[in-house]
$ cat coords_13.cif   # mmCIF, C-alpha atoms and all ligand atoms
data_entry
loop_
_atom_site.group_PDB
_atom_site.id
_atom_site.type_symbol
_atom_site.label_atom_id
_atom_site.label_comp_id
_atom_site.auth_asym_id
_atom_site.auth_seq_id
_atom_site.Cartn_x
_atom_site.Cartn_y
_atom_site.Cartn_z
ATOM 1 C CA MET A 24 315.100 50.173 19.644
ATOM 2 C CA SER A 25 312.815 50.100 16.667
ATOM 3 C CA LEU A 26 309.679 48.021 17.050
ATOM 4 C CA LEU A 27 310.363 46.478 13.638
ATOM 5 C CA GLN A 28 313.916 45.408 14.405
ATOM 6 C CA PRO A 29 314.440 41.711 15.162
ATOM 7 C CA ALA A 30 317.052 40.852 17.801
ATOM 8 C CA ASP A 31 318.230 37.933 15.665
ATOM 9 C CA VAL A 32 317.861 37.037 11.990
ATOM 10 C CA ILE A 33 318.296 33.369 11.084
ATOM 11 C CA GLY A 34 317.855 31.139 8.047
ATOM 12 C CA HIS A 35 315.826 28.320 9.640
ATOM 13 C CA VAL A 36 314.242 27.515 13.020
ATOM 14 C CA ARG A 37 316.588 24.552 13.429
ATOM 15 C CA GLU A 38 319.370 27.077 14.070
ATOM 16 C CA ILE A 39 317.682 27.673 17.430
ATOM 17 C CA THR A 40 319.367 25.260 19.850
ATOM 18 C CA PRO A 41 319.436 25.027 23.664
ATOM 19 C CA GLU A 42 322.863 26.734 23.482
ATOM 20 C CA PHE A 43 321.487 29.584 21.316
ATOM 21 C CA LEU A 44 318.730 30.111 23.897
ATOM 22 C CA ALA A 45 320.966 29.818 26.962
ATOM 23 C CA ALA A 46 323.332 32.447 25.530
ATOM 24 C CA ARG A 47 320.386 34.866 25.364
ATOM 25 C CA GLY A 48 318.789 33.985 28.706
ATOM 26 C CA LEU A 49 315.710 32.509 26.983
ATOM 27 C CA ARG A 50 313.563 29.671 28.377
ATOM 28 C CA GLY A 51 310.600 29.664 26.009
ATOM 29 C CA LEU A 52 309.594 30.187 22.389
ATOM 30 C CA VAL A 53 306.393 31.508 20.876
ATOM 31 C CA LEU A 54 306.340 30.119 17.352
ATOM 32 C CA ASP A 55 304.619 31.227 14.184
ATOM 33 C CA LEU A 56 303.273 28.377 12.019
ATOM 34 C CA ASP A 57 303.101 29.291 8.329
ATOM 35 C CA ASN A 58 306.433 29.653 6.595
ATOM 36 C CA THR A 59 308.226 29.431 9.953
ATOM 37 C CA LEU A 60 307.594 25.811 11.017
ATOM 38 C CA ILE A 61 305.560 24.570 8.065
ATOM 39 C CA PRO A 62 305.496 25.758 4.440
ATOM 40 C CA TYR A 63 302.482 27.954 3.724
ATOM 41 C CA ARG A 64 299.419 25.787 2.912
ATOM 42 C CA SER A 65 301.314 22.525 3.444
ATOM 43 C CA TYR A 66 299.846 19.517 5.223
ATOM 44 C CA ALA A 67 302.808 17.321 4.373
ATOM 45 C CA ASP A 68 305.008 15.468 6.851
ATOM 46 C CA ALA A 69 306.985 17.770 9.134
ATOM 47 C CA GLY A 70 309.226 15.160 10.753
ATOM 48 C CA GLU A 71 312.347 17.315 10.946
ATOM 49 C CA VAL A 72 310.677 20.270 12.606
ATOM 50 C CA VAL A 73 308.789 17.977 15.006
ATOM 51 C CA ARG A 74 312.082 16.330 16.033
ATOM 52 C CA TRP A 75 313.633 19.769 16.532
ATOM 53 C CA ALA A 76 310.710 20.823 18.756
ATOM 54 C CA ASP A 77 310.935 17.566 20.742
ATOM 55 C CA GLU A 78 314.640 18.123 21.364
ATOM 56 C CA LEU A 79 314.058 21.638 22.652
ATOM 57 C CA ARG A 80 311.249 20.488 24.911
ATOM 58 C CA GLY A 81 313.510 17.680 26.162
ATOM 59 C CA ALA A 82 316.008 20.396 27.127
ATOM 60 C CA GLY A 83 313.317 22.132 29.204
ATOM 61 C CA ILE A 84 312.386 24.834 26.680
ATOM 62 C CA ARG A 85 308.669 25.732 26.707
ATOM 63 C CA LEU A 86 306.973 26.122 23.304
ATOM 64 C CA TYR A 87 303.710 27.761 22.266
ATOM 65 C CA LEU A 88 302.211 28.145 18.781
ATOM 66 C CA LEU A 89 300.796 31.582 17.950
ATOM 67 C CA SER A 90 299.365 31.500 14.435
ATOM 68 C CA ASN A 91 297.132 33.732 12.362
ATOM 69 C CA ALA A 92 296.105 30.694 10.305
ATOM 70 C CA THR A 93 292.537 29.384 10.451
ATOM 71 C CA ALA A 94 291.481 27.530 13.587
ATOM 72 C CA LYS A 95 291.072 24.438 11.410
ATOM 73 C CA ARG A 96 294.654 24.576 10.132
ATOM 74 C CA ALA A 97 296.020 25.174 13.656
ATOM 75 C CA ALA A 98 293.929 22.242 14.942
ATOM 76 C CA PHE A 99 295.484 20.026 12.266
ATOM 77 C CA TRP A 100 299.045 20.947 13.200
ATOM 78 C CA LEU A 101 298.934 21.309 17.010
ATOM 79 C CA PRO A 102 298.676 17.576 17.841
ATOM 80 C CA ARG A 103 301.325 16.793 15.222
ATOM 81 C CA LEU A 104 303.709 19.401 16.613
ATOM 82 C CA GLY A 105 303.111 18.155 20.133
ATOM 83 C CA PHE A 106 302.732 21.435 22.013
ATOM 84 C CA GLU A 107 299.996 23.936 22.820
ATOM 85 C CA GLY A 108 298.907 27.008 20.928
ATOM 86 C CA VAL A 109 296.183 28.788 18.981
ATOM 87 C CA GLY A 110 295.156 29.782 15.476
ATOM 88 C CA MET A 111 293.444 33.017 14.457
ATOM 89 C CA ALA A 112 295.671 34.763 16.967
ATOM 90 C CA GLY A 113 295.249 38.275 15.577
ATOM 91 C CA LYS A 114 298.972 39.088 15.505
ATOM 92 C CA PRO A 115 300.331 41.755 15.911
ATOM 93 C CA ASN A 116 297.748 42.547 18.608
ATOM 94 C CA PRO A 117 299.826 42.600 21.819
ATOM 95 C CA ARG A 118 297.047 40.843 23.723
ATOM 96 C CA ALA A 119 297.673 37.672 21.708
ATOM 97 C CA PHE A 120 301.325 37.742 22.761
ATOM 98 C CA GLN A 121 300.438 38.447 26.410
ATOM 99 C CA ARG A 122 298.125 35.432 26.416
ATOM 100 C CA ALA A 123 300.901 33.262 24.977
ATOM 101 C CA LEU A 124 303.273 34.447 27.733
ATOM 102 C CA THR A 125 300.632 33.626 30.345
ATOM 103 C CA ARG A 126 300.267 30.121 28.921
ATOM 104 C CA LEU A 127 304.040 29.649 28.991
ATOM 105 C CA GLY A 128 304.257 31.007 32.532
ATOM 106 C CA LEU A 129 307.365 33.010 31.666
ATOM 107 C CA PRO A 130 308.206 36.735 31.657
ATOM 108 C CA ALA A 131 308.571 38.412 28.254
ATOM 109 C CA GLN A 132 312.354 38.844 28.611
ATOM 110 C CA GLN A 133 312.789 35.066 28.839
ATOM 111 C CA VAL A 134 310.764 34.287 25.702
ATOM 112 C CA ALA A 135 311.567 34.666 22.011
ATOM 113 C CA MET A 136 308.921 35.279 19.378
ATOM 114 C CA VAL A 137 310.026 33.378 16.268
ATOM 115 C CA GLY A 138 308.412 34.148 12.927
ATOM 116 C CA ASP A 139 308.917 35.059 9.286
ATOM 117 C CA GLN A 140 306.994 38.342 9.179
ATOM 118 C CA LEU A 141 308.125 41.740 10.454
ATOM 119 C CA PHE A 142 304.688 43.334 10.664
ATOM 120 C CA THR A 143 303.025 40.544 12.638
ATOM 121 C CA ASP A 144 305.608 38.398 14.445
ATOM 122 C CA VAL A 145 308.444 40.857 15.093
ATOM 123 C CA LEU A 146 306.253 43.915 15.707
ATOM 124 C CA GLY A 147 303.956 42.111 18.163
ATOM 125 C CA GLY A 148 306.825 40.433 19.992
ATOM 126 C CA ASN A 149 308.695 43.714 20.382
ATOM 127 C CA LEU A 150 305.542 45.506 21.585
ATOM 128 C CA VAL A 151 305.342 43.209 24.626
ATOM 129 C CA GLY A 152 309.095 43.214 25.295
ATOM 130 C CA MET A 153 309.937 39.750 23.996
ATOM 131 C CA HIS A 154 313.187 38.809 22.270
ATOM 132 C CA THR A 155 312.377 38.581 18.548
ATOM 133 C CA VAL A 156 313.845 36.205 15.974
ATOM 134 C CA LEU A 157 313.104 36.687 12.292
ATOM 135 C CA VAL A 158 313.399 33.510 10.244
ATOM 136 C CA ARG A 159 313.677 33.334 6.489
ATOM 137 C CA PRO A 160 310.289 32.252 5.028
ATOM 138 C CA LEU A 161 310.228 28.552 4.077
ATOM 139 C CA ILE A 162 308.589 29.274 0.738
ATOM 140 C CA ASP A 163 308.122 32.468 -1.205
ATOM 141 C CA ASN A 164 304.353 32.708 -1.613
ATOM 142 C CA ALA A 165 303.335 34.824 -4.536
ATOM 143 C CA LEU A 166 299.999 36.169 -3.285
ATOM 144 C CA PRO A 167 299.593 39.817 -4.296
ATOM 145 C CA HIS A 168 299.180 41.143 -0.730
ATOM 146 C CA THR A 169 302.212 39.132 0.405
ATOM 147 C CA ARG A 170 304.336 40.566 -2.402
ATOM 148 C CA VAL A 171 303.658 44.098 -1.178
ATOM 149 C CA THR A 172 304.375 43.107 2.432
ATOM 150 C CA ARG A 173 307.618 41.394 1.445
ATOM 151 C CA ARG A 174 308.751 44.473 -0.459
ATOM 152 C CA LEU A 175 308.164 46.622 2.640
ATOM 153 C CA GLU A 176 309.926 44.061 4.822
ATOM 154 C CA ARG A 177 312.938 44.096 2.508
ATOM 155 C CA ALA A 178 313.087 47.885 2.703
ATOM 156 C CA VAL A 179 313.024 47.831 6.521
ATOM 157 C CA LEU A 180 315.533 44.986 6.787
ATOM 158 C CA ARG A 181 317.976 46.689 4.444
ATOM 159 C CA ARG A 182 318.070 49.611 6.865
ATOM 160 C CA TYR A 183 319.170 47.176 9.556
ATOM 161 C CA GLY A 184 321.823 45.681 7.309
ATOM 162 C CA HIS A 185 320.015 42.431 6.451
ATOM 163 C CA ASP A 186 319.999 41.645 2.781
ATOM 164 C CA TRP A 187 318.637 38.153 2.519
ATOM 165 C CA VAL A 188 314.840 38.386 2.165
HETATM 166 MG MG MG B 1 304.366 33.157 9.005
#
$ encode --input "coords_13.cif" --output "structure tokens"
Amino acid sequence: MSLLQPADVIGHVREITPEFLAARGLRGLVLDLDNTLIPYRSYADAGEVVRWADELRGAGIRLYLLSNATAKRAAFWLPRLGFEGVGMAGKPNPRAFQRALTRLGLPAQQVAMVGDQLFTDVLGGNLVGMHTVLVRPLIDNALPHTRVTRRLERAVLRRYGHDWV
């Protein structure tokens, strides 16, 4: 399997339900923040995604935030999201993912890494043997370095038959 190939490609995190997870033998999620749970740079109300996270946790699913955002931004969102995690994670460094698995107390095969970027979220998750779920970015940020990354992501995804990014 290619290290850049996600196991699942979805349009929005809310498509992840207890049934979706049970069908794949998953008991925990490691979640990216920016453009996965919350629009890039946003500090606005995230009621829907918080309710979704609460429902999963109510169903016994363990959640952990693994974000490359600043520590300050992660500290803003963690109490609002209601579960543990870190900013400045250094994805795709596999050590960041191993630490997240340790915090969840679950083996890699029972945890999905969920994020919007192939070269950080999917690559790092695959490197440690997690299930990987690529989610469509919430907003299309037009930063120059992101444009180049997105072009590369599109090229990789097309090879796997995904045409939506
Ligand atoms: Mg992201």
$ closest_residue --input "coords_13.cif" --among "A:Phe106, A:Trp100, A:Tyr87, A:Phe142" --to "ligand MG 1 (chain B)" --atoms "only C-alpha atoms and all ligand atoms"
A:Phe142
$ closest_residue --input "coords_13.cif" --among "A:Leu175, A:Met136, A:Ala45, A:Ala76" --to "ligand MG 1 (chain B)" --atoms "all atoms listed in the file"
A:Met136
$ closest_residue --input "coords_13.cif" --among "A:Gly105, A:Pro117, A:Gly70, A:Gly138" --to "A:Val36" --atoms "only C-alpha atoms"
A:Gly138
$ closest_atom_pairs --input "coords_13.cif" --of "chain A" --to "ligand MG 1 (chain B)" --cutoff "9 Å" --atoms "only C-alpha atoms and all ligand atoms" --output "tab-separated table"
residue	atom	partner	partner_atom	distance
A:Asp55	CA	B:MG1	MG	5.5
A:Leu56	CA	B:MG1	MG	5.8
A:Asp57	CA	B:MG1	MG	4.1
A:Asn58	CA	B:MG1	MG	4.7
A:Thr59	CA	B:MG1	MG	5.4
A:Leu60	CA	B:MG1	MG	8.3
A:Ile61	CA	B:MG1	MG	8.7
A:Pro62	CA	B:MG1	MG	8.8
A:Tyr63	CA	B:MG1	MG	7.6
A:Ser90	CA	B:MG1	MG	7.6
A:Asn91	CA	B:MG1	MG	8.0
A:Ala92	CA	B:MG1	MG	8.7
A:Gly138	CA	B:MG1	MG	5.7
A:Asp139	CA	B:MG1	MG	4.9
A:Gln140	CA	B:MG1	MG	5.8
A:Thr143	CA	B:MG1	MG	8.3
A:Asp144	CA	B:MG1	MG	7.7
A:Pro160	CA	B:MG1	MG	7.2
A:Leu161	CA	B:MG1	MG	8.9
$ closest_residue --input "coords_13.cif" --among "A:Leu88, A:Pro167, A:Val145, A:Met153" --to "A:Val179" --atoms "all atoms listed in the file"
A:Val145
$ atom_distance --input "coords_13.cif" --atom1 "atom CA of A:Phe43" --atom2 "atom CA of A:Val137"
13.1 Å
$ axis_aligned_box --input "coords_13.cif" --around "stretch 76-86 of chain A" --padding-each-side "6 Å" --output "AutoDock Vina command-line options"
--center_x 311.5 --center_y 21.8 --center_z 24.0 --size_x 21.0 --size_y 20.6 --size_z 22.4
$ build_atoms --input "coords_13.cif" --residues "stretch 99-110 of chain A" --atoms "all heavy atoms" --output "PDB file, in the frame of the given file"
ATOM      1  N   PHE A  99     294.806  21.121  12.967  1.00  0.00           N
ATOM      2  CA  PHE A  99     295.484  20.026  12.266  1.00  0.00           C
ATOM      3  C   PHE A  99     296.918  19.888  12.780  1.00  0.00           C
ATOM      4  O   PHE A  99     297.396  18.797  13.069  1.00  0.00           O
ATOM      5  CB  PHE A  99     295.498  20.277  10.751  1.00  0.00           C
ATOM      6  CG  PHE A  99     296.293  19.252   9.974  1.00  0.00           C
ATOM      7  CD1 PHE A  99     295.703  18.079   9.532  1.00  0.00           C
ATOM      8  CD2 PHE A  99     297.645  19.466   9.699  1.00  0.00           C
ATOM      9  CE1 PHE A  99     296.441  17.126   8.833  1.00  0.00           C
ATOM     10  CE2 PHE A  99     298.395  18.520   9.005  1.00  0.00           C
ATOM     11  CZ  PHE A  99     297.783  17.349   8.561  1.00  0.00           C
ATOM     12  N   TRP A 100     297.611  21.011  12.914  1.00  0.00           N
ATOM     13  CA  TRP A 100     299.045  20.947  13.200  1.00  0.00           C
ATOM     14  C   TRP A 100     299.383  20.788  14.677  1.00  0.00           C
ATOM     15  O   TRP A 100     300.414  20.197  15.025  1.00  0.00           O
ATOM     16  CB  TRP A 100     299.764  22.174  12.610  1.00  0.00           C
ATOM     17  CG  TRP A 100     300.065  21.956  11.161  1.00  0.00           C
ATOM     18  CD1 TRP A 100     299.517  22.611  10.082  1.00  0.00           C
ATOM     19  CD2 TRP A 100     300.961  20.980  10.614  1.00  0.00           C
ATOM     20  NE1 TRP A 100     300.021  22.090   8.915  1.00  0.00           N
ATOM     21  CE2 TRP A 100     300.901  21.094   9.209  1.00  0.00           C
ATOM     22  CE3 TRP A 100     301.799  20.015  11.181  1.00  0.00           C
ATOM     23  CZ2 TRP A 100     301.658  20.271   8.366  1.00  0.00           C
ATOM     24  CZ3 TRP A 100     302.546  19.197  10.342  1.00  0.00           C
ATOM     25  CH2 TRP A 100     302.476  19.330   8.951  1.00  0.00           C
ATOM     26  N   LEU A 101     298.558  21.331  15.583  1.00  0.00           N
ATOM     27  CA  LEU A 101     298.934  21.309  17.010  1.00  0.00           C
ATOM     28  C   LEU A 101     299.226  19.896  17.531  1.00  0.00           C
ATOM     29  O   LEU A 101     300.282  19.686  18.133  1.00  0.00           O
ATOM     30  CB  LEU A 101     297.887  22.026  17.864  1.00  0.00           C
ATOM     31  CG  LEU A 101     298.003  23.559  17.812  1.00  0.00           C
ATOM     32  CD1 LEU A 101     296.769  24.220  18.422  1.00  0.00           C
ATOM     33  CD2 LEU A 101     299.276  24.027  18.522  1.00  0.00           C
ATOM     34  N   PRO A 102     298.355  18.911  17.317  1.00  0.00           N
ATOM     35  CA  PRO A 102     298.676  17.576  17.841  1.00  0.00           C
ATOM     36  C   PRO A 102     299.906  16.962  17.169  1.00  0.00           C
ATOM     37  O   PRO A 102     300.636  16.192  17.789  1.00  0.00           O
ATOM     38  CB  PRO A 102     297.416  16.755  17.544  1.00  0.00           C
ATOM     39  CG  PRO A 102     296.651  17.527  16.538  1.00  0.00           C
ATOM     40  CD  PRO A 102     297.033  18.960  16.696  1.00  0.00           C
ATOM     41  N   ARG A 103     300.151  17.331  15.921  1.00  0.00           N
ATOM     42  CA  ARG A 103     301.325  16.793  15.222  1.00  0.00           C
ATOM     43  C   ARG A 103     302.616  17.435  15.728  1.00  0.00           C
ATOM     44  O   ARG A 103     303.662  16.799  15.762  1.00  0.00           O
ATOM     45  CB  ARG A 103     301.166  17.000  13.715  1.00  0.00           C
ATOM     46  CG  ARG A 103     300.117  16.043  13.138  1.00  0.00           C
ATOM     47  CD  ARG A 103     299.649  16.456  11.755  1.00  0.00           C
ATOM     48  NE  ARG A 103     298.729  15.479  11.202  1.00  0.00           N
ATOM     49  CZ  ARG A 103     297.425  15.428  11.493  1.00  0.00           C
ATOM     50  NH1 ARG A 103     296.885  16.313  12.322  1.00  0.00           N
ATOM     51  NH2 ARG A 103     296.655  14.497  10.965  1.00  0.00           N
ATOM     52  N   LEU A 104     302.530  18.714  16.092  1.00  0.00           N
ATOM     53  CA  LEU A 104     303.709  19.401  16.613  1.00  0.00           C
ATOM     54  C   LEU A 104     303.988  18.984  18.055  1.00  0.00           C
ATOM     55  O   LEU A 104     305.137  18.985  18.496  1.00  0.00           O
ATOM     56  CB  LEU A 104     303.505  20.923  16.540  1.00  0.00           C
ATOM     57  CG  LEU A 104     303.500  21.506  15.120  1.00  0.00           C
ATOM     58  CD1 LEU A 104     302.995  22.947  15.139  1.00  0.00           C
ATOM     59  CD2 LEU A 104     304.892  21.429  14.491  1.00  0.00           C
ATOM     60  N   GLY A 105     302.925  18.684  18.784  1.00  0.00           N
ATOM     61  CA  GLY A 105     303.111  18.155  20.133  1.00  0.00           C
ATOM     62  C   GLY A 105     303.161  19.194  21.244  1.00  0.00           C
ATOM     63  O   GLY A 105     303.549  18.876  22.370  1.00  0.00           O
ATOM     64  N   PHE A 106     302.808  20.436  20.940  1.00  0.00           N
ATOM     65  CA  PHE A 106     302.732  21.435  22.013  1.00  0.00           C
ATOM     66  C   PHE A 106     301.504  22.303  21.812  1.00  0.00           C
ATOM     67  O   PHE A 106     300.822  22.199  20.807  1.00  0.00           O
ATOM     68  CB  PHE A 106     304.017  22.262  22.115  1.00  0.00           C
ATOM     69  CG  PHE A 106     304.488  22.875  20.820  1.00  0.00           C
ATOM     70  CD1 PHE A 106     304.069  24.139  20.442  1.00  0.00           C
ATOM     71  CD2 PHE A 106     305.364  22.179  19.981  1.00  0.00           C
ATOM     72  CE1 PHE A 106     304.502  24.709  19.252  1.00  0.00           C
ATOM     73  CE2 PHE A 106     305.800  22.737  18.786  1.00  0.00           C
ATOM     74  CZ  PHE A 106     305.372  24.002  18.422  1.00  0.00           C
ATOM     75  N   GLU A 107     301.228  23.141  22.814  1.00  0.00           N
ATOM     76  CA  GLU A 107     299.996  23.936  22.820  1.00  0.00           C
ATOM     77  C   GLU A 107     300.081  25.167  21.922  1.00  0.00           C
ATOM     78  O   GLU A 107     301.168  25.584  21.527  1.00  0.00           O
ATOM     79  CB  GLU A 107     299.736  24.453  24.236  1.00  0.00           C
ATOM     80  CG  GLU A 107     298.981  23.520  25.131  1.00  0.00           C
ATOM     81  CD  GLU A 107     298.645  24.233  26.425  1.00  0.00           C
ATOM     82  OE1 GLU A 107     297.907  25.231  26.383  1.00  0.00           O
ATOM     83  OE2 GLU A 107     299.138  23.779  27.471  1.00  0.00           O
ATOM     84  N   GLY A 108     298.917  25.762  21.666  1.00  0.00           N
ATOM     85  CA  GLY A 108     298.907  27.008  20.928  1.00  0.00           C
ATOM     86  C   GLY A 108     297.537  27.315  20.379  1.00  0.00           C
ATOM     87  O   GLY A 108     296.558  26.635  20.698  1.00  0.00           O
ATOM     88  N   VAL A 109     297.454  28.351  19.553  1.00  0.00           N
ATOM     89  CA  VAL A 109     296.183  28.788  18.981  1.00  0.00           C
ATOM     90  C   VAL A 109     296.347  29.237  17.534  1.00  0.00           C
ATOM     91  O   VAL A 109     297.432  29.668  17.128  1.00  0.00           O
ATOM     92  CB  VAL A 109     295.561  29.981  19.760  1.00  0.00           C
ATOM     93  CG1 VAL A 109     295.074  29.548  21.119  1.00  0.00           C
ATOM     94  CG2 VAL A 109     296.539  31.141  19.863  1.00  0.00           C
ATOM     95  N   GLY A 110     295.255  29.157  16.784  1.00  0.00           N
ATOM     96  CA  GLY A 110     295.156  29.782  15.476  1.00  0.00           C
ATOM     97  C   GLY A 110     294.375  31.081  15.601  1.00  0.00           C
ATOM     98  O   GLY A 110     293.963  31.462  16.698  1.00  0.00           O
TER      99      GLY A 110
END
